[in-house]
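Asks: Input entry.cif, format and content: mmCIF, C-alpha atoms.
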```cif
data_final
loop_
_atom_site.label_atom_id
_atom_site.label_comp_id
_atom_site.auth_asym_id
_atom_site.auth_seq_id
_atom_site.Cartn_x
_atom_site.Cartn_y
_atom_site.Cartn_z
CA MET A 176 -23.61 124.72 -32.02
CA PRO A 177 -24.34 125.36 -35.71
CA VAL A 178 -23.72 122.47 -38.09
CA LYS A 179 -20.62 123.03 -40.25
CA VAL A 180 -21.58 122.54 -43.90
CA THR A 181 -19.38 122.04 -46.97
CA LEU A 182 -20.83 122.74 -50.42
CA PHE A 183 -20.15 121.03 -53.75
CA ALA A 184 -21.58 122.17 -57.10
CA SER A 185 -20.32 122.07 -60.67
CA ASP A 186 -21.37 125.60 -61.69
CA GLU A 187 -20.68 128.95 -60.08
CA ALA A 188 -24.33 130.07 -59.98
CA THR A 189 -25.39 127.05 -57.94
CA ARG A 190 -22.43 127.40 -55.58
CA ARG A 191 -23.38 131.04 -55.02
CA GLN A 192 -27.01 130.18 -54.34
CA LEU A 193 -26.08 127.47 -51.84
CA ALA A 194 -23.54 129.72 -50.13
CA GLU A 195 -26.21 132.40 -49.69
CA ALA A 196 -28.86 129.97 -48.40
CA VAL A 197 -26.83 128.14 -45.73
CA PRO A 198 -25.99 131.14 -43.46
CA THR A 199 -29.69 132.07 -43.26
CA VAL A 200 -30.36 128.82 -41.40
CA VAL A 201 -30.02 129.34 -37.67
CA ASP A 202 -28.40 125.97 -36.99
CA ALA A 203 -26.00 125.96 -39.96
CA MET A 204 -22.76 127.64 -40.94
CA LEU A 205 -20.34 127.33 -43.86
CA ALA A 206 -17.28 125.20 -43.08
CA GLY A 207 -15.35 126.97 -45.83
CA PRO A 208 -15.60 128.16 -49.43
CA ALA A 209 -17.90 126.22 -51.75
CA LEU A 210 -15.96 123.62 -53.75
CA GLU A 211 -16.25 122.98 -57.46
CA LEU A 212 -17.49 119.49 -58.36
CA PRO A 213 -15.25 118.17 -61.16
CA GLU A 214 -16.71 116.75 -64.35
CA GLN A 215 -15.17 113.38 -63.52
CA PHE A 216 -14.69 112.28 -59.92
CA VAL A 217 -11.38 110.67 -58.95
CA HIS A 218 -10.40 109.76 -55.41
CA THR A 219 -7.06 111.58 -55.79
CA ASP A 220 -8.68 114.96 -56.53
CA PRO A 221 -7.07 117.74 -54.39
CA LYS A 222 -10.56 119.02 -53.54
CA LEU A 223 -11.07 115.97 -51.35
CA ARG A 224 -8.20 117.13 -49.18
CA GLN A 225 -9.78 120.60 -49.05
CA LEU A 226 -13.02 118.90 -48.01
CA GLN A 227 -11.26 117.05 -45.19
CA SER A 228 -9.50 120.24 -44.03
CA GLN A 229 -12.90 121.93 -43.66
CA ASN A 230 -13.90 119.11 -41.28
CA PRO A 231 -17.64 119.41 -42.01
CA GLU A 232 -20.51 117.73 -40.22
CA ALA A 233 -22.68 117.84 -43.35
CA VAL A 234 -21.95 118.02 -47.08
CA ILE A 235 -24.42 119.39 -49.61
CA ILE A 236 -23.91 118.08 -53.15
CA ALA A 237 -25.71 119.67 -56.08
CA ILE A 238 -26.62 117.05 -58.69
CA ALA A 239 -27.15 117.96 -62.34
CA ALA A 240 -29.77 115.83 -64.10
CA ASP A 241 -27.77 115.68 -67.33
CA ALA A 242 -24.44 114.78 -65.68
CA PRO A 243 -24.96 113.21 -62.25
CA GLU A 244 -22.10 110.68 -62.16
CA ALA A 245 -19.45 112.82 -60.44
CA ALA A 246 -21.90 113.89 -57.72
CA LEU A 247 -23.04 110.31 -57.12
CA SER A 248 -19.44 109.09 -56.96
CA LEU A 249 -18.66 111.77 -54.38
CA ALA A 250 -21.63 110.64 -52.28
CA ILE A 251 -20.36 107.04 -52.38
CA TRP A 252 -16.88 108.20 -51.39
CA LEU A 253 -18.25 110.19 -48.46
CA ARG A 254 -20.30 107.23 -47.29
CA THR A 255 -17.23 105.00 -47.15
CA GLN A 256 -14.49 107.46 -46.15
CA MET A 257 -16.36 109.96 -43.93
CA PRO A 258 -19.32 107.95 -42.60
CA ALA A 259 -19.98 110.39 -39.73
CA VAL A 260 -20.76 113.19 -42.20
CA SER A 261 -24.39 113.72 -43.26
CA VAL A 262 -24.72 113.80 -47.04
CA ILE A 263 -27.50 116.00 -48.42
CA ALA A 264 -28.13 115.91 -52.15
CA CYS A 265 -30.03 118.63 -53.96
CA GLY A 266 -31.19 118.88 -57.53
CA PRO A 267 -34.26 118.66 -59.76
CA MET A 268 -37.23 116.57 -58.65
CA HIS A 269 -37.51 114.99 -62.10
CA PRO A 270 -36.72 112.40 -63.20
CA PRO A 271 -37.55 110.55 -59.96
CA GLN A 272 -34.89 107.93 -60.78
CA LEU A 273 -32.29 110.60 -60.00
CA ILE A 274 -33.57 110.88 -56.44
CA VAL A 275 -33.46 107.11 -56.05
CA ARG A 276 -29.88 106.95 -57.34
CA ALA A 277 -28.81 109.72 -54.96
CA MET A 278 -30.27 107.88 -51.97
CA GLN A 279 -28.67 104.61 -53.08
CA ALA A 280 -25.31 106.39 -53.36
CA GLY A 281 -25.49 107.42 -49.72
CA ALA A 282 -27.45 110.69 -49.53
CA ALA A 283 -29.52 110.90 -46.35
CA GLU A 284 -31.69 113.72 -47.73
CA TYR A 285 -32.68 114.98 -51.17
CA LEU A 286 -33.79 118.62 -51.51
CA GLU A 287 -34.99 120.59 -54.49
CA LEU A 288 -32.93 123.27 -56.20
CA PRO A 289 -32.89 126.20 -55.78
CA LEU A 290 -32.32 125.36 -52.12
CA ARG A 291 -34.87 126.78 -49.68
CA PRO A 292 -33.42 127.63 -46.22
CA GLU A 293 -36.46 126.21 -44.42
CA ALA A 294 -36.10 122.88 -46.25
CA LEU A 295 -32.43 122.72 -45.29
CA ALA A 296 -33.28 123.53 -41.67
CA GLU A 297 -35.74 120.64 -41.55
CA ALA A 298 -33.25 118.26 -43.14
CA LEU A 299 -30.52 119.20 -40.66
CA GLN A 300 -32.96 118.75 -37.78
CA ARG A 301 -33.85 115.26 -38.99
CA GLN A 302 -30.18 114.35 -39.27
CA SER A 303 -29.50 115.71 -35.80
CA GLU A 304 -32.29 113.58 -34.34
CA THR A 305 -31.03 110.49 -36.19
CA GLN A 306 -27.50 110.97 -34.90
CA ALA A 307 -28.74 111.55 -31.35
CA ALA A 308 -30.70 108.29 -31.49
CA ASP A 309 -27.54 106.51 -32.60
CA ALA A 310 -25.17 108.29 -30.24
CA ALA A 311 -23.39 105.18 -28.98
CA PRO A 312 -19.77 105.51 -30.14
CA GLU A 313 -18.69 103.05 -32.81
CA ARG A 314 -15.20 101.92 -33.59
CA PRO A 315 -14.03 102.74 -37.11
CA ARG A 316 -14.55 99.86 -39.48
CA ARG A 317 -11.27 98.10 -40.07
CA GLY A 318 -10.42 96.60 -43.43
CA LYS A 319 -9.36 92.98 -43.86
CA LEU A 320 -5.74 92.00 -44.39
CA ILE A 321 -4.45 88.95 -46.26
CA ALA A 322 -0.74 88.28 -45.76
CA VAL A 323 1.04 86.25 -48.46
CA ALA A 324 4.48 85.03 -47.36
CA GLY A 325 6.86 82.69 -49.12
CA VAL A 326 8.78 80.04 -47.23
CA ARG A 327 11.77 80.85 -49.47
CA GLY A 328 12.58 82.79 -52.60
CA GLY A 329 11.23 81.47 -55.88
CA CYS A 330 8.22 79.57 -54.52
CA GLY A 331 5.72 81.89 -56.26
CA ALA A 332 4.46 84.14 -53.43
CA THR A 333 4.25 87.22 -55.67
CA THR A 334 2.35 85.31 -58.35
CA VAL A 335 -0.11 84.11 -55.71
CA ALA A 336 -0.52 87.59 -54.21
CA VAL A 337 -1.09 89.27 -57.59
CA ASN A 338 -3.62 86.75 -58.88
CA LEU A 339 -5.41 86.52 -55.52
CA ALA A 340 -5.74 90.31 -55.30
CA LEU A 341 -7.12 90.47 -58.86
CA ALA A 342 -9.63 87.71 -58.13
CA MET A 343 -10.76 89.33 -54.88
CA HIS A 344 -11.13 92.70 -56.58
CA ALA A 345 -13.32 91.11 -59.27
CA MET A 346 -15.55 89.60 -56.56
CA ARG A 347 -16.01 92.78 -54.53
CA ARG A 348 -19.46 94.27 -54.26
CA GLN A 349 -20.23 97.12 -56.62
CA ALA A 350 -20.25 99.83 -53.94
CA ASP A 351 -16.98 98.67 -52.38
CA GLN A 352 -13.68 100.42 -52.91
CA SER A 353 -10.83 98.90 -54.83
CA VAL A 354 -8.80 96.09 -53.32
CA VAL A 355 -5.26 97.28 -52.54
CA LEU A 356 -2.21 95.13 -53.25
CA VAL A 357 0.85 96.20 -51.24
CA ASP A 358 4.11 94.90 -52.66
CA ALA A 359 6.31 94.57 -49.57
CA ALA A 360 8.72 92.04 -51.07
CA PRO A 361 12.43 92.83 -50.57
CA LEU A 362 12.61 93.65 -54.29
CA GLY A 363 9.08 94.02 -55.61
CA HIS A 364 7.98 92.39 -58.86
CA ALA A 365 4.20 92.79 -58.63
CA ALA A 366 4.28 95.78 -61.00
CA LEU A 367 6.10 93.64 -63.58
CA GLN A 368 3.41 90.97 -63.45
CA LEU A 369 0.69 93.62 -63.78
CA ASN A 370 2.54 95.51 -66.56
CA LEU A 371 2.50 98.72 -64.50
CA LYS A 372 5.12 101.42 -63.96
CA PRO A 373 4.37 102.99 -60.56
CA MET A 374 5.48 106.57 -60.04
CA PHE A 375 5.55 105.98 -56.27
CA ASN A 376 6.15 102.89 -54.17
CA LEU A 377 6.27 101.56 -50.62
CA VAL A 378 9.27 103.77 -49.80
CA ASP A 379 7.15 106.86 -50.53
CA LEU A 380 4.28 105.48 -48.47
CA LEU A 381 6.55 104.96 -45.48
CA ALA A 382 7.91 108.50 -45.86
CA ASN A 383 4.33 109.77 -45.49
CA ALA A 384 3.18 107.16 -42.98
CA SER A 385 2.19 109.66 -40.28
CA ARG A 386 -0.45 111.26 -42.53
CA LEU A 387 -1.61 108.20 -44.44
CA ASP A 388 -5.31 108.27 -45.28
CA ALA A 389 -7.51 107.26 -48.19
CA VAL A 390 -6.62 110.33 -50.26
CA MET A 391 -2.89 109.97 -49.61
CA LEU A 392 -3.05 106.26 -50.37
CA GLY A 393 -4.80 107.00 -53.65
CA SER A 394 -2.08 109.44 -54.68
CA LEU A 395 0.71 106.95 -53.88
CA SER A 396 -0.82 103.88 -55.50
CA THR A 397 -1.10 102.92 -59.17
CA ARG A 398 -4.40 101.72 -60.58
CA HIS A 399 -4.53 98.68 -62.83
CA GLY A 400 -6.92 98.62 -65.76
CA CYS A 401 -9.36 96.43 -63.83
CA GLY A 402 -9.46 98.88 -60.90
CA LEU A 403 -7.04 97.12 -58.53
CA ASP A 404 -4.75 99.56 -56.68
CA LEU A 405 -1.07 98.69 -56.33
CA VAL A 406 1.41 100.13 -53.87
CA GLY A 407 4.57 99.33 -55.78
CA GLY A 408 7.46 97.41 -54.30
CA PRO A 409 10.65 99.14 -53.14
CA ALA A 410 13.47 99.56 -55.63
CA HIS A 411 16.05 99.44 -52.82
CA PRO A 412 16.17 98.14 -49.23
CA LEU A 413 13.86 99.84 -46.76
CA LEU A 414 15.29 101.95 -43.98
CA PRO A 415 15.07 100.22 -40.57
CA MET A 416 11.75 100.72 -38.77
CA SER A 417 10.42 99.07 -35.63
CA ALA A 418 7.48 96.70 -35.71
CA GLU A 419 5.51 99.33 -33.75
CA ALA A 420 6.18 101.99 -36.40
CA HIS A 421 5.15 99.61 -39.16
CA GLY A 422 2.06 98.72 -37.15
CA GLU A 423 0.96 102.36 -37.04
CA TRP A 424 0.88 102.84 -40.81
CA LEU A 425 -0.71 99.43 -41.30
CA ASP A 426 -3.50 100.41 -38.90
CA ARG A 427 -4.05 103.62 -40.89
CA LEU A 428 -4.07 101.62 -44.12
CA LEU A 429 -6.75 99.25 -42.82
CA LEU A 430 -8.92 102.19 -41.77
CA ALA A 431 -8.68 103.55 -45.31
CA VAL A 432 -9.43 100.39 -47.33
CA PRO A 433 -11.84 97.46 -46.99
CA MET A 434 -9.39 94.83 -48.26
CA ALA A 435 -5.61 94.72 -48.55
CA VAL A 436 -3.37 91.93 -49.82
CA VAL A 437 0.27 92.26 -48.74
CA ASP A 438 2.95 90.39 -50.66
CA LEU A 439 5.77 89.71 -48.19
CA SER A 440 7.54 87.13 -50.39
CA ALA A 441 10.66 86.06 -48.50
CA ARG A 442 10.83 89.11 -46.22
CA TRP A 443 11.42 88.13 -42.59
CA ASP A 444 11.82 91.31 -40.54
CA ASP A 445 9.86 93.71 -38.33
CA LEU A 446 7.62 94.70 -41.26
CA THR A 447 6.67 91.05 -41.70
CA ARG A 448 5.98 90.68 -37.98
CA ALA A 449 3.73 93.76 -38.00
CA VAL A 450 1.78 92.46 -41.00
CA LEU A 451 1.36 88.98 -39.53
CA GLU A 452 0.13 90.39 -36.21
CA ARG A 453 -2.66 92.24 -38.04
CA ALA A 454 -3.46 89.69 -40.73
CA ASP A 455 -6.89 88.09 -40.82
CA ARG A 456 -5.41 85.25 -42.85
CA ILE A 457 -1.75 84.24 -43.27
CA LEU A 458 -1.04 82.29 -46.45
CA PHE A 459 2.30 80.50 -46.36
CA ILE A 460 3.33 79.71 -49.94
CA ALA A 461 5.39 76.55 -50.33
CA GLN A 462 6.09 73.72 -52.73
CA THR A 463 6.27 70.03 -52.00
CA ASP A 464 10.06 69.71 -52.28
CA MET A 465 11.98 69.02 -49.09
CA VAL A 466 13.84 72.37 -49.20
CA SER A 467 10.53 74.27 -49.17
CA LEU A 468 9.08 72.20 -46.35
CA TRP A 469 12.26 72.47 -44.28
CA SER A 470 12.28 76.24 -44.89
CA ALA A 471 8.62 76.51 -43.90
CA ALA A 472 9.30 74.92 -40.53
CA LYS A 473 12.36 77.10 -39.88
CA VAL A 474 10.76 80.37 -41.02
CA ARG A 475 7.68 79.76 -38.97
CA GLN A 476 9.78 79.05 -35.89
CA PHE A 477 11.65 82.33 -36.50
CA LEU A 478 8.57 84.49 -37.08
CA ASP A 479 6.23 82.88 -34.54
CA PRO A 480 8.19 80.92 -31.92
CA GLU A 481 5.24 80.86 -29.51
CA ARG A 482 2.83 79.65 -32.22
CA ARG A 483 0.26 82.34 -31.49
CA LEU A 484 -0.54 82.91 -35.17
CA ARG A 485 -2.33 80.63 -37.60
CA PHE A 486 -0.33 79.99 -40.75
CA GLU A 487 -2.09 78.21 -43.62
CA ILE A 488 -0.05 76.42 -46.26
CA VAL A 489 -0.81 77.07 -49.92
CA LEU A 490 1.00 74.49 -52.02
CA ASN A 491 2.04 76.08 -55.30
CA ARG A 492 2.83 74.03 -58.45
CA TYR A 493 1.16 71.09 -56.79
CA SER A 494 1.08 67.78 -58.63
CA ALA A 495 -0.83 64.95 -56.97
CA THR A 496 1.50 61.97 -56.64
CA PRO A 497 1.51 59.02 -54.23
CA GLU A 498 4.56 60.51 -52.55
CA VAL A 499 2.70 63.69 -51.47
CA ASP A 500 1.16 63.13 -48.05
CA ALA A 501 -0.87 66.07 -46.67
CA ALA A 502 -0.62 64.81 -43.09
CA GLY A 503 3.13 64.53 -43.47
CA LEU A 504 3.37 68.06 -44.85
CA GLU A 505 1.42 69.43 -41.92
CA ALA A 506 3.58 67.52 -39.46
CA ILE A 507 6.75 68.98 -40.98
CA THR A 508 5.55 72.58 -41.30
CA GLY A 509 3.33 72.77 -38.22
CA ALA A 510 0.59 74.36 -40.32
CA PRO A 511 -2.50 72.99 -42.08
CA VAL A 512 -2.59 72.69 -45.87
CA PHE A 513 -5.33 75.11 -46.93
CA TRP A 514 -5.06 75.13 -50.72
CA LYS A 515 -3.33 73.41 -53.63
CA LEU A 516 -2.60 75.36 -56.80
CA PRO A 517 -2.04 73.22 -59.90
CA ASN A 518 1.32 73.11 -61.61
CA ALA A 519 1.27 75.50 -64.59
CA HIS A 520 4.83 76.77 -64.66
CA ALA A 521 4.95 77.45 -68.42
CA LEU A 522 1.62 79.31 -68.32
CA VAL A 523 2.81 81.52 -65.44
CA CYS A 524 6.12 82.32 -67.13
CA ALA A 525 4.35 83.36 -70.33
CA ALA A 526 1.84 85.43 -68.34
CA ILE A 527 4.62 87.31 -66.53
CA GLU A 528 6.33 88.10 -69.82
CA ARG A 529 3.06 89.51 -71.19
CA GLY A 530 2.22 91.37 -67.97
CA GLN A 531 -1.16 89.66 -67.95
CA PRO A 532 -1.75 87.41 -64.89
CA PRO A 533 -3.54 84.10 -65.58
CA VAL A 534 -6.59 85.01 -63.48
CA GLU A 535 -7.18 88.20 -65.44
CA LYS A 536 -7.93 86.46 -68.68
CA GLY A 537 -8.54 82.85 -69.51
CA ASP A 538 -10.21 79.81 -67.98
CA SER A 539 -7.18 77.68 -67.25
CA GLU A 540 -7.22 75.29 -64.33
CA LEU A 541 -4.83 77.63 -62.51
CA ALA A 542 -7.06 80.69 -63.05
CA THR A 543 -10.08 78.75 -61.80
CA SER A 544 -8.16 77.66 -58.71
CA PHE A 545 -7.17 81.26 -57.92
CA ARG A 546 -10.81 82.39 -58.22
CA GLU A 547 -11.94 79.57 -55.95
CA LEU A 548 -9.23 80.48 -53.44
CA ALA A 549 -10.44 84.09 -53.41
CA ALA A 550 -14.02 82.93 -52.94
CA ALA A 551 -12.99 80.71 -50.05
CA LEU A 552 -11.18 83.55 -48.29
CA LEU A 553 -14.17 85.84 -48.77
CA GLY A 554 -16.54 83.20 -47.42
CA ARG A 555 -18.34 82.93 -50.76
CA PRO A 556 -17.76 79.32 -51.83
CA GLN A 557 -18.41 78.49 -55.47
CA LYS A 558 -19.82 75.27 -56.88
CA ARG A 559 -16.40 73.88 -57.71
CA GLN A 560 -14.98 74.88 -54.36
CA ARG A 561 -12.72 72.18 -52.97
CA ALA A 562 -12.71 73.36 -49.39
CA TRP A 563 -13.33 76.63 -47.66
CA LEU A 564 -13.00 78.30 -44.30
CA PRO A 565 -14.86 81.38 -43.05
CA PHE A 566 -12.96 84.63 -43.55
CA PHE A 567 -13.24 85.64 -39.90
CA ARG A 568 -11.01 83.56 -37.72
CA SER A 569 -9.04 84.19 -34.56
CA ARG A 570 -5.52 85.15 -35.51
CA HIS A 571 -4.02 83.97 -32.25
CA VAL A 572 -5.37 80.44 -31.90
CA GLU A 573 -3.35 77.53 -33.12
CA ALA A 574 -5.24 74.69 -34.78
#
```
Could you show the structure in this file as structure tokens?

Replies:
Amino acid sequence: MPVKVTLFASDEATRRQLAEAVPTVVDAMLAGPALELPEQFVHTDPKLRQLQSQNPEAVIIAIAADAPEAALSLAIWLRTQMPAVSVIACGPMHPPQLIVRAMQAGAAEYLELPLRPEALAEALQRQSETQAADAAPERPRRGKLIAVAGVRGGCGATTVAVNLALAMHAMRRQADQSVVLVDAAPLGHAALQLNLKPMFNLVDLLANASRLDAVMLGSLSTRHGCGLDLVGGPAHPLLPMSAEAHGEWLDRLLLAVPMAVVDLSARWDDLTRAVLERADRILFIAQTDMVSLWSAAKVRQFLDPERRLRFEIVLNRYSATPEVDAAGLEAITGAPVFWKLPNAHALVCAAIERGQPPVEKGDSELATSFRELAAALLGRPQKRQRAWLPFFRSRHVEA
């Protein structure tokens, strides 16, 4: 069967030349009309949905030497979102650094423009042989999920989720996608802390859950100045959905992103259960007062009566005093104390009013602790790290 090929080029003349060359190759056919490469690539561009509708097996991207960024960004996007598709770049042979950048972005082949049919035929043959040698089916790579749940209202779960997501996004590798923060609190405040005004929120995501993918997620989320993507919190109660229905859209979400942080706050329903079942780490935000600890024990019993999941206590507004006994806390809550965030209530209040989370700017003790927490969860301990656990851990084994 001929290989279905989609074409991208910024100018009409190049698109025409590519469209004329591809059909002359015996083992190639056009998957659809050639698509215009925009001057600036954004992951919400409608052309990406056109690309997906063509369902190609190979994509040819024409790269202009004087403006290569959009083409290189598209190659990176294809590598992460459509890894089964062969990416073939074409452009000038000089400067050679352009060829290197194209290969680093994810292009499997680099061909000279104007495109020669015989060169394309050889490239497609090489890709076919490579895919045949690696024919063993692979499961789609699933993103990681951090669940942040509060033992009660007002214990700071949203503040922890926002600052943790920002810190994790700052630590991602350059080629990785944005970290996604999903505000699933009963009444979301993450946008307030980030000084954002989302046009869409979790309600809109759930309305489109059956067709959720990376492009849809990008159109429903709001990007922070640092690059973090936020799915805004609901402005009114969510319509009832089963844990299975919530699990389906969460599975789609984790296939679309490498890292998601979900702020559950004090939500204790089927959405929470679905998130906890899929979470790689469950952070239980509490304080050292007796009400918080009593609530932690009760909420855990409600959400996980069989103790199949591993909850990890994060003590917020922690102040080391002789009365605070870690072993006693763990005995009361039935969960290990994983992290202690210093008490900086005035700093946090001022940061929320400014819409500028502490971790985003400043070297306060609290900001440092958030960064170290993110590093610990990513398995990248820093010099000042207090304690860390590997990111990968069985979610159904009680300590």

Asks: Here's a test: counting all atoms listed in the file, identify every protein, DNA and RNA residue with an atom at most 10 Å from (-13.0, 94.4, -42.9) in the file's coordinate frame, and state them as JSON, numbers by chain.

Replies: {"A": [316, 317, 318, 319, 320, 429, 430, 432, 433, 434, 435, 455, 566, 567]}

Asks: What is the distance, in Å and to one decimal place, between atom CA of Pro208 of chain A and atom CA of Ala264 of chain A?

Replies: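 One can read the atom CA of Pro208 of chain A to atom CA of Ala264 of chain A distance as 17.7 Å.
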
Asks: Which one is closest to Met416 of chain A: A:Ala449, A:Leu295, A:Cys401, A:Val436? Count all atoms listed in the file.

Replies: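 Closest to Met416 of chain A of all the choices is A:Ala449.
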
Asks: Which residues would end up in the selection if the PyMOL selection byres ((chain A and resi 368-384) around 7) were applied here, given that I need the answer as a list in words?

Replies: His364, Ala365, Ala366, Leu367, Ser385, Arg386, Leu387, Leu395, Ser396, Thr397, Val406, Gly407, Gly408, Pro409, Leu413, Trp424, Ile527, Gly530, Gln531 and Pro532 of chain A

Asks: Quote the spacing between atom CA of Leu362 of chain A and atom CA of Val326 of chain A in Å to one decimal place.

Replies: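 Separating atom CA of Leu362 of chain A from atom CA of Val326 of chain A is a distance of 15.8 Å.
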
Asks: Of the candidates A:Arg485, A:Arg276, A:Arg427, A:Lys473, which one gets nearest to Glu452 of chain A if we count all atoms listed in the file?

Replies: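 Nearest candidate to Glu452 of chain A out of A:Arg485, A:Arg276, A:Arg427, A:Lys473: A:Arg485.
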
Asks: Mind listing whatever residues come within 9 Å of the point (-18.0, 117.2, -62.2)? Use only C-alpha atoms, file coordinates, and give them as JSON, numbers by chain.

Replies: {"A": [184, 185, 211, 212, 213, 214, 215, 216, 242, 243, 244, 245, 246]}

Asks: Excluding same-chain residues fewer than 3 positions from Ala359 of chain A, what lies within 7 Å of it counting only C-alpha atoms, as an mmCIF file with C-alpha atoms, in the frame of the given file?

Replies:
```cif
data_model
loop_
_atom_site.group_PDB
_atom_site.id
_atom_site.type_symbol
_atom_site.label_atom_id
_atom_site.label_comp_id
_atom_site.auth_asym_id
_atom_site.auth_seq_id
_atom_site.Cartn_x
_atom_site.Cartn_y
_atom_site.Cartn_z
ATOM 1 C CA GLY A 363 9.080 94.020 -55.610
ATOM 2 C CA GLY A 408 7.460 97.410 -54.300
ATOM 3 C CA VAL A 437 0.270 92.260 -48.740
ATOM 4 C CA ASP A 438 2.950 90.390 -50.660
ATOM 5 C CA LEU A 439 5.770 89.710 -48.190
#
```

Asks: Closest to Asn338 of chain A among A:Pro533, A:Pro480, A:Pro412, A:Gly554, using only C-alpha atoms?

Replies: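 Of all the options, A:Pro533 lies closest to Asn338 of chain A.
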
Asks: One decimal, in Å: what's the spacing between atom CA of Leu182 of chain A and atom CA of Ile235 of chain A?

Replies: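 So the answer is 5.0 Å.
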
Asks: Counting only C-alpha atoms, figure out which residue out of A:Glu195, A:Asp358, A:Asp426, A:Glu505 gets nearest to Ala340 of chain A.

Replies: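 With only C-alpha atoms as the atom set, the closest residue is A:Asp358.
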
Asks: Between A:Pro361, A:Gly402, A:Gly329, A:Gly266, which is the closest to Pro289 of chain A once you count all atoms listed in the file?

Replies: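 Answer, going by the shortest atom-to-atom distance: A:Gly266.
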
Asks: Please write the residues picked by the PyMOL selection byres ((chain A and resi 258) around 12) on this file as a list in words.

Replies: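 Selection result, ordered by chain and number: Pro231, Glu232, Ala233, Val234, Ala250, Ile251, Trp252, Leu253, Arg254, Thr255, Gln256, Met257, Ala259, Val260, Ser261, Val262, Gly281, Ala282, Ala283, Gln306, Glu313, Arg314, Pro315, Arg316, Leu430 and Ala431 of chain A.
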
Asks: Please evaluate the PyMOL selection byres ((chain A and resi 540-542) around 10) against the structure above and give the resulting residues as a list in words.

Replies: Asn338, Leu339, Ala342, Arg492, Lys515, Leu516, Pro517, Asn518, Ala519, His520, Leu522, Val523, Pro532, Pro533, Val534, Glu535, Lys536, Gly537, Asp538, Ser539, Thr543, Ser544, Phe545, Arg546, Glu547 and Leu548 of chain A

Asks: Using only C-alpha atoms, please write the residues we just selected to a file, as a tab-separated table (two decimals), in the coordinates of the input.

Replies:
```
chain	number	residue	atom	x	y	z
A	338	ASN	CA	-3.62	86.75	-58.88
A	339	LEU	CA	-5.41	86.52	-55.52
A	342	ALA	CA	-9.63	87.71	-58.13
A	492	ARG	CA	2.83	74.03	-58.45
A	515	LYS	CA	-3.33	73.41	-53.63
A	516	LEU	CA	-2.60	75.36	-56.80
A	517	PRO	CA	-2.04	73.22	-59.90
A	518	ASN	CA	1.32	73.11	-61.61
A	519	ALA	CA	1.27	75.50	-64.59
A	520	HIS	CA	4.83	76.77	-64.66
A	522	LEU	CA	1.62	79.31	-68.32
A	523	VAL	CA	2.81	81.52	-65.44
A	532	PRO	CA	-1.75	87.41	-64.89
A	533	PRO	CA	-3.54	84.10	-65.58
A	534	VAL	CA	-6.59	85.01	-63.48
A	535	GLU	CA	-7.18	88.20	-65.44
A	536	LYS	CA	-7.93	86.46	-68.68
A	537	GLY	CA	-8.54	82.85	-69.51
A	538	ASP	CA	-10.21	79.81	-67.98
A	539	SER	CA	-7.18	77.68	-67.25
A	543	THR	CA	-10.08	78.75	-61.80
A	544	SER	CA	-8.16	77.66	-58.71
A	545	PHE	CA	-7.17	81.26	-57.92
A	546	ARG	CA	-10.81	82.39	-58.22
A	547	GLU	CA	-11.94	79.57	-55.95
A	548	LEU	CA	-9.23	80.48	-53.44
```

Asks: Between A:Met391, A:Ile457, A:Ala237, A:Ala502, which has the minimum distance to Ala332 of chain A (counting only C-alpha atoms)?

Replies: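 Nearest candidate to Ala332 of chain A out of A:Met391, A:Ile457, A:Ala237, A:Ala502: A:Ile457.
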
Asks: Which residues are close to Cys265 of chain A, i.e. within 8 Å by all atoms listed in the file, leaving aside same-chain residues fewer than 2 positions away? Reply as a PyMOL selection string.

Replies: chain A and resi 235-238+263+267+285-288+290

Asks: Return as lines of an AutoDock Vina configuration file the box centre and box size in Å, one decimal, for an axis-aligned box around all listed atoms of segment 194-207 of chain A padded by 5 Å per side.

Replies:
```
center_x = -22.9
center_y = 128.8
center_z = -43.6
size_x = 25.0
size_y = 17.2
size_z = 23.1
```
